[in-house]
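Below is one structure; the comments refer to it alone.
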Amino acid sequence: MVVWTIATRTFLRNIYDLRFLTALPLMLGVMGVSAFLSVSRMVERQHTYNQLRSIAWETANLESVKLVRRPASLSFLYDGGEDELPRYLIVTPDFVDYPIEEVSARAVVEPFVRLDWVFVVVYFYSLLALLLTFDSISGQKERRTLSMILAQPVSRNALLLGSYLGVLLTLLPLLLIGFLIYLLPIQLSGVWAGGRDDWVRLLLVLMLSLLFVSAIALLGILASASFERSSTSLTAAFLVWTLMTVVVPNASELAVNIFVSAPSFKALQTQIGTARAEYRENLSHFWSMDIARIVNHPGLTPQQREQRLAEFQAGILQKNLQAITKYKYALRRLRADYLNRHAFRAALVRRLQMLSPSAIYQHAVESVVGTGQAHLAAFTKAAENYMHAYTTYVTQKREELKDQAKTHGFGIEESGYLVRSVTWIDYSQVEFDRSSMPRFEDPGVSISQGLSFALIDCALLAFLNVFLFALAYRMLVYYRVH
Amino acid sequence: MATIFEIAQKRLRLSLISARLLLVTGVMLALMVGGGITSHKRHRERQELYEAAKLAHLFELEDARYYQAVRLGIERPPEPLSLLAEGAGERYGSSIILHGKYAPMRILARERPEYKGSSGQTFDFAHIIALFMSLLAFLLSYDPICGERQEGTLQLCLANTLSRHKLMIGEYLGCLLSLSVPLLLASIITLVMLQFMVGFTLTGENALRVGLIFLSALLSLSALIWLGLCCSALSRETTTAFIFAFGAWVLLVAVYPNLTLWIAQWQRPVPVTREALSSEGVFGLALSDRQELPHETEKMLAQAREQALNAKLAQGQLNDSLKLLSPVSSFLALAQILARTDVTAQRDFIVQARQLDQRFRQWQEEKLRQYPERESYYKPSWGPLDTDGLPAPQFAPIPLVISLHRALPYWGSLVVFNLIFCSLAFALLARYDVRFN
């Protein structure tokens, strides 16, 4: 009961506090702007997606098909660089590739901070939590009320629990109001269907946000229980907060940039050039073959000559097909290697960022909501699955429509005989019935998938809460109240 | 005057030893060093790609045996000052292939966008300075008035012959001076880092550009200090002032750049065209440069691409002009203009390429009049192609005068912001209740 009294007292004090009253309109305003911007971004994305998808379906052919990534339905909660990641993948038989961009119609300018729910929580709610808690113990000591409270039958444990609960009571309605402000324009705009899955995700994000904000509040309480003056505890708490939200995420990215060198695009080009030169060499082998020796061989009858030429021709075609296939697979290996090394670096950055609770919270929301890297991973996986279906379909169709393919090649004429060689067979202009082609729909990240990704992050956040609470309790037990 | 300087000195001493200044400066300088190394690596790779591209064009020209195969490639060299402001980067393309009368020009990005896992932030110095120094400006200036009131010293100060406006000017000068210390350190780091950038020489012009960027930073920071003093003179408690100042910082750093972007995208939308999907080669990278002559559909694609590019340029320019309305964004725009990496500089490059295309067409006509048989046919006995008088594809960098001319409105805007916030701060202080309760 004492705990509850202290909690209500802290709650009421917070509510009437000037810092809360000034922060409230600011926060709600930023929330509103951010919701509004997110909606407009989502509308834009949905529009682009629809357009790209119809174009992709129209231009699908027997050489390649483009799979377009569906924007996540909850991307307003965490953007996760949705616009930076590839919007579509190119699937050719046996091969999934990222697009190569010329200067395309992608968004041009970008701000250096993207406003979304996670940003507002990480930078605003957490700071507010810090501002509300930094003087919960040391401030009472400065006002000389602490010794009076503890002279009553109030244990230090109850005091700590009470102020923690009071802060949570203040922050929870704010989070809920913020959520409503966020959902309102999105619901009104009609871009968001709001299925059952989405509501579950929203609930999960709300819980994660509460977990994160409570960790920060505990950090503030810890700071206030560690120092005797409230200004010192504010400085210490703010220092740790800056380290966490600004320094660690950026520094880990920088560290990876500096110490793990990015795969060089130029090296990739050189490697591709080498593979290509090899392929060319295989082709040039063809030129050195002496047709004249077959054609002008003295002892051959015309039939024998025809037969030898036919064999020769078949051999050439066979050899070239082998060379093309080898070249294609070399390219595939090189590109996959290049992209894997990029992915490795990105994963490394994330591992390093695990030092900061804000980054953990971001990653957890990303997985639960299904945007950013989590979405890209799921999308790539789905595309690989689709690639197998597409390959079987295309191989069969190509066999059927062999005659319509356009053959690029060259020939050598010698004494009236023509020997042809094929550089590549182009099926891209071949007309075929699209309705039988397997269709692709981006499945997104399912809830169970997202949760399994986010499990470690959730556990870490929960552990952090417990740890900070225990530490704050320990500090409070040894606190000098006089 | 003496009192003003005394107050300024006091503020300077207080600020210089304060934890917030040391912390923010330390973080900023560390980020600058790290970001500088990253930029340096990226710049070196860009330089390599640039040289490789130039060499490839030369080889291509030597290999050409008939006039249809002669293509001009104009390359924009990577800008060493992009260390300071990354700007539009490669988003508008830095490599243009001219086909003259045979096909429309093609604009390519030499570098492919890398799909990175995290925030995708660019660590150019202008952004680091804008982010951290503006935070520092607010952190130093949110408590001079209300903090002193809370401690009870404000009443004592003003009980003497000190006038309120002198107090304000003194505090402002103190804040500005203490801000110029980290800024000076940042400029030294910049100069050292620039020395390591490939292709950078410390000429008078470059030094002037760097100096002007840092002066603009100081001008923008002074506007922010006035704003912070406004926050301070608006509130009774330091915590309230802190929230106001922090709110202003977030508005300027996070909200406003998002808004301008949104307005630019809303007012100047870029059409998503077929080219976004169909310009890809079937094998992807390696065969995308196979030499096929562009036919009708490719001409249509080129038209669509050009439309998209023009829309993109218009969008970027609108975004840039909207930056006039915020002191932080103005500084970022100034840094880009002075480092020659802004959208307008990209447009200049494209305009130069178009002019070159005109001259190239004339050259083609002239040569075809001389050798009509060599348009698209080749016999080994004819020998190498006559390429006399071929216009040289050389990119002319933007002269300083034009950069200054473009920077003028942004400086004007910064001065206006200074005046507005300054008068607001004086007005607020004149009505301030200095009593200590």
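Letters A, B, ... mark the chains of the structure tokens in the order given; residue numbers begin at 1 per chain; ligand numbers begin at 1, in order shown.
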Counting only C-alpha atoms, what is within 12 Å of B:Leu185, bar same-chain residues fewer than 2 positions away, as a ChimeraX atom specification? /B:25-26,28-30,32-33,129,133,178-183,187-192,214
Written file, previous selection with C-alpha atoms, as a PDB file, in the first residue's frame:
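Final file, part25.pdb:
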ATOM      1  CA  THR B  25      33.249  18.230 -28.594  1.00  0.00           C
ATOM      2  CA  GLY B  26      34.954  14.929 -27.862  1.00  0.00           C
ATOM      3  CA  MET B  28      32.144  15.296 -32.488  1.00  0.00           C
ATOM      4  CA  LEU B  29      35.887  15.247 -33.056  1.00  0.00           C
ATOM      5  CA  ALA B  30      36.010  11.455 -32.730  1.00  0.00           C
ATOM      6  CA  MET B  32      34.975  13.542 -37.549  1.00  0.00           C
ATOM      7  CA  VAL B  33      38.166  11.510 -37.453  1.00  0.00           C
ATOM      8  CA  ILE B 129      29.074  19.903 -37.422  1.00  0.00           C
ATOM      9  CA  MET B 133      27.603  22.080 -32.913  1.00  0.00           C
ATOM     10  CA  SER B 178      33.288  29.172 -26.451  1.00  0.00           C
ATOM     11  CA  LEU B 179      31.659  27.670 -29.540  1.00  0.00           C
ATOM     12  CA  SER B 180      34.414  28.921 -31.772  1.00  0.00           C
ATOM     13  CA  VAL B 181      36.946  26.815 -29.850  1.00  0.00           C
ATOM     14  CA  PRO B 182      35.525  23.419 -30.893  1.00  0.00           C
ATOM     15  CA  LEU B 183      34.825  24.860 -34.337  1.00  0.00           C
ATOM     16  CA  SER B 187      38.583  23.160 -38.900  1.00  0.00           C
ATOM     17  CA  ILE B 188      42.118  22.030 -38.037  1.00  0.00           C
ATOM     18  CA  ILE B 189      41.034  18.379 -38.279  1.00  0.00           C
ATOM     19  CA  THR B 190      39.369  19.182 -41.583  1.00  0.00           C
ATOM     20  CA  LEU B 191      42.494  20.760 -43.010  1.00  0.00           C
ATOM     21  CA  VAL B 192      44.642  17.831 -41.883  1.00  0.00           C
ATOM     22  CA  PHE B 214      33.460  27.413 -41.332  1.00  0.00           C
TER      23      PHE B 214
END
Could you pull out all residues of stretch 64-161 of chain A with a DSSP call of helix (DSSP H, G or I) and give them as JSON, numbers by chain? {"A": [117, 118, 119, 120, 121, 122, 123, 124, 125, 126, 127, 128, 129, 130, 131, 132, 133, 138, 139, 140, 141, 142, 146, 147, 148, 149, 150, 151, 156, 157, 158, 159, 160, 161]}
Residues near stretch 228-245 of chain A, cut-off 6 Å, only C-alpha atoms, skip fewer than 2 positions along chain, as a JSON list (two decimals) with C-alpha atoms, in the first residue's frame:
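Below is the file around23.json, written as the result:
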[["chain", "number", "residue", "atom", "x", "y", "z"],
["A", 134, "PHE", "CA", 16.87, 12.15, -12.63],
["A", 135, "ASP", "CA", 15.90, 13.84, -9.36],
["A", 138, "SER", "CA", 18.57, 13.21, -5.06],
["A", 139, "GLY", "CA", 15.92, 15.89, -5.58],
["A", 220, "GLY", "CA", 17.49, 7.91, -14.41],
["A", 223, "ALA", "CA", 21.68, 8.07, -11.60],
["A", 224, "SER", "CA", 19.68, 9.91, -8.98],
["A", 247, "VAL", "CA", 27.66, 7.49, -29.82],
["A", 248, "VAL", "CA", 27.45, 3.69, -29.78],
["A", 356, "SER", "CA", 23.21, 0.17, -26.80],
["A", 358, "SER", "CA", 18.26, 2.08, -28.10]]
Can you tell me, as a PyMOL selection string, what residues are no more than 10 Å from A:Phe179 when counting only C-alpha atoms, ignoring any on the same chain fewer than 6 positions away? chain A and resi 31+35+77+117+173+202+206
For the residues selected in the previous step, produce a file with C-alpha atoms as a PDB file, in the first residue's frame.
ATOM      1  CA  MET A  31       4.250  12.828 -33.060  1.00  0.00           C
ATOM      2  CA  ALA A  35       2.641  10.525 -38.341  1.00  0.00           C
ATOM      3  CA  LEU A  77       6.442   2.556 -37.048  1.00  0.00           C
ATOM      4  CA  TRP A 117       7.709   6.136 -34.199  1.00  0.00           C
ATOM      5  CA  PRO A 173      -0.765   7.127 -20.962  1.00  0.00           C
ATOM      6  CA  LEU A 202       1.157  -3.037 -32.778  1.00  0.00           C
ATOM      7  CA  LEU A 206       3.809  -1.022 -27.625  1.00  0.00           C
TER       8      LEU A 206
END
Closest of A:Leu355, A:Val246, A:Leu321, A:Leu172 to chain B - atom-to-atom distances counting only C-alpha atoms: A:Val246
With a distance cut-off of 8 Å and only C-alpha atoms, select the neighbouring residues of A:Leu334, excluding the residue or stretch itself and same-chain residues fewer than 6 positions from it, and output the selection as a PDB file with N, CA and C atoms, in the first residue's frame.
ATOM      1  N   LEU A 268      35.463  -5.883 -58.094  1.00  0.00           N
ATOM      2  CA  LEU A 268      34.419  -6.732 -58.690  1.00  0.00           C
ATOM      3  C   LEU A 268      34.430  -6.602 -60.196  1.00  0.00           C
ATOM      4  N   GLN A 271      37.341  -8.424 -61.628  1.00  0.00           N
ATOM      5  CA  GLN A 271      37.123  -9.869 -61.626  1.00  0.00           C
ATOM      6  C   GLN A 271      36.167 -10.278 -62.746  1.00  0.00           C
ATOM      7  N   ILE A 272      35.117  -9.460 -62.902  1.00  0.00           N
ATOM      8  CA  ILE A 272      34.165  -9.768 -63.969  1.00  0.00           C
ATOM      9  C   ILE A 272      34.851  -9.653 -65.322  1.00  0.00           C
TER      10      ILE A 272
END
Need the shell around stretch 43-48 of chain A: protein/DNA/RNA residues with any atom at most 7 Å away, counting only C-alpha atoms. Skip same-chain ones fewer than 2 positions apart. Format as a PyMOL selection string? (chain A and resi 39-41+50-52+71+191) or (chain B and resi 272)
I want to know what sits within 7 Å of A:Asp426, based on only C-alpha atoms, with residues of the same chain fewer than 3 positions away left out; could you give that as a ChimeraX atom specification? /A:405-407
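Rounded to one decimal, atom CA of B:Tyr172 and atom CA of B:Ser15 lie 11.9 Å from each other.
Using only C-alpha atoms, the smallest distance between any of A:Ser136, A:Gln373, A:Thr380, A:Ser155 and chain B comes from A:Gln373.
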Give me, please, the distance in Å between atom CA of A:Asn157 and atom CA of A:Tyr16, quoted to one decimal.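 Atom CA of A:Tyr16 lies 25.2 Å from atom CA of A:Asn157.
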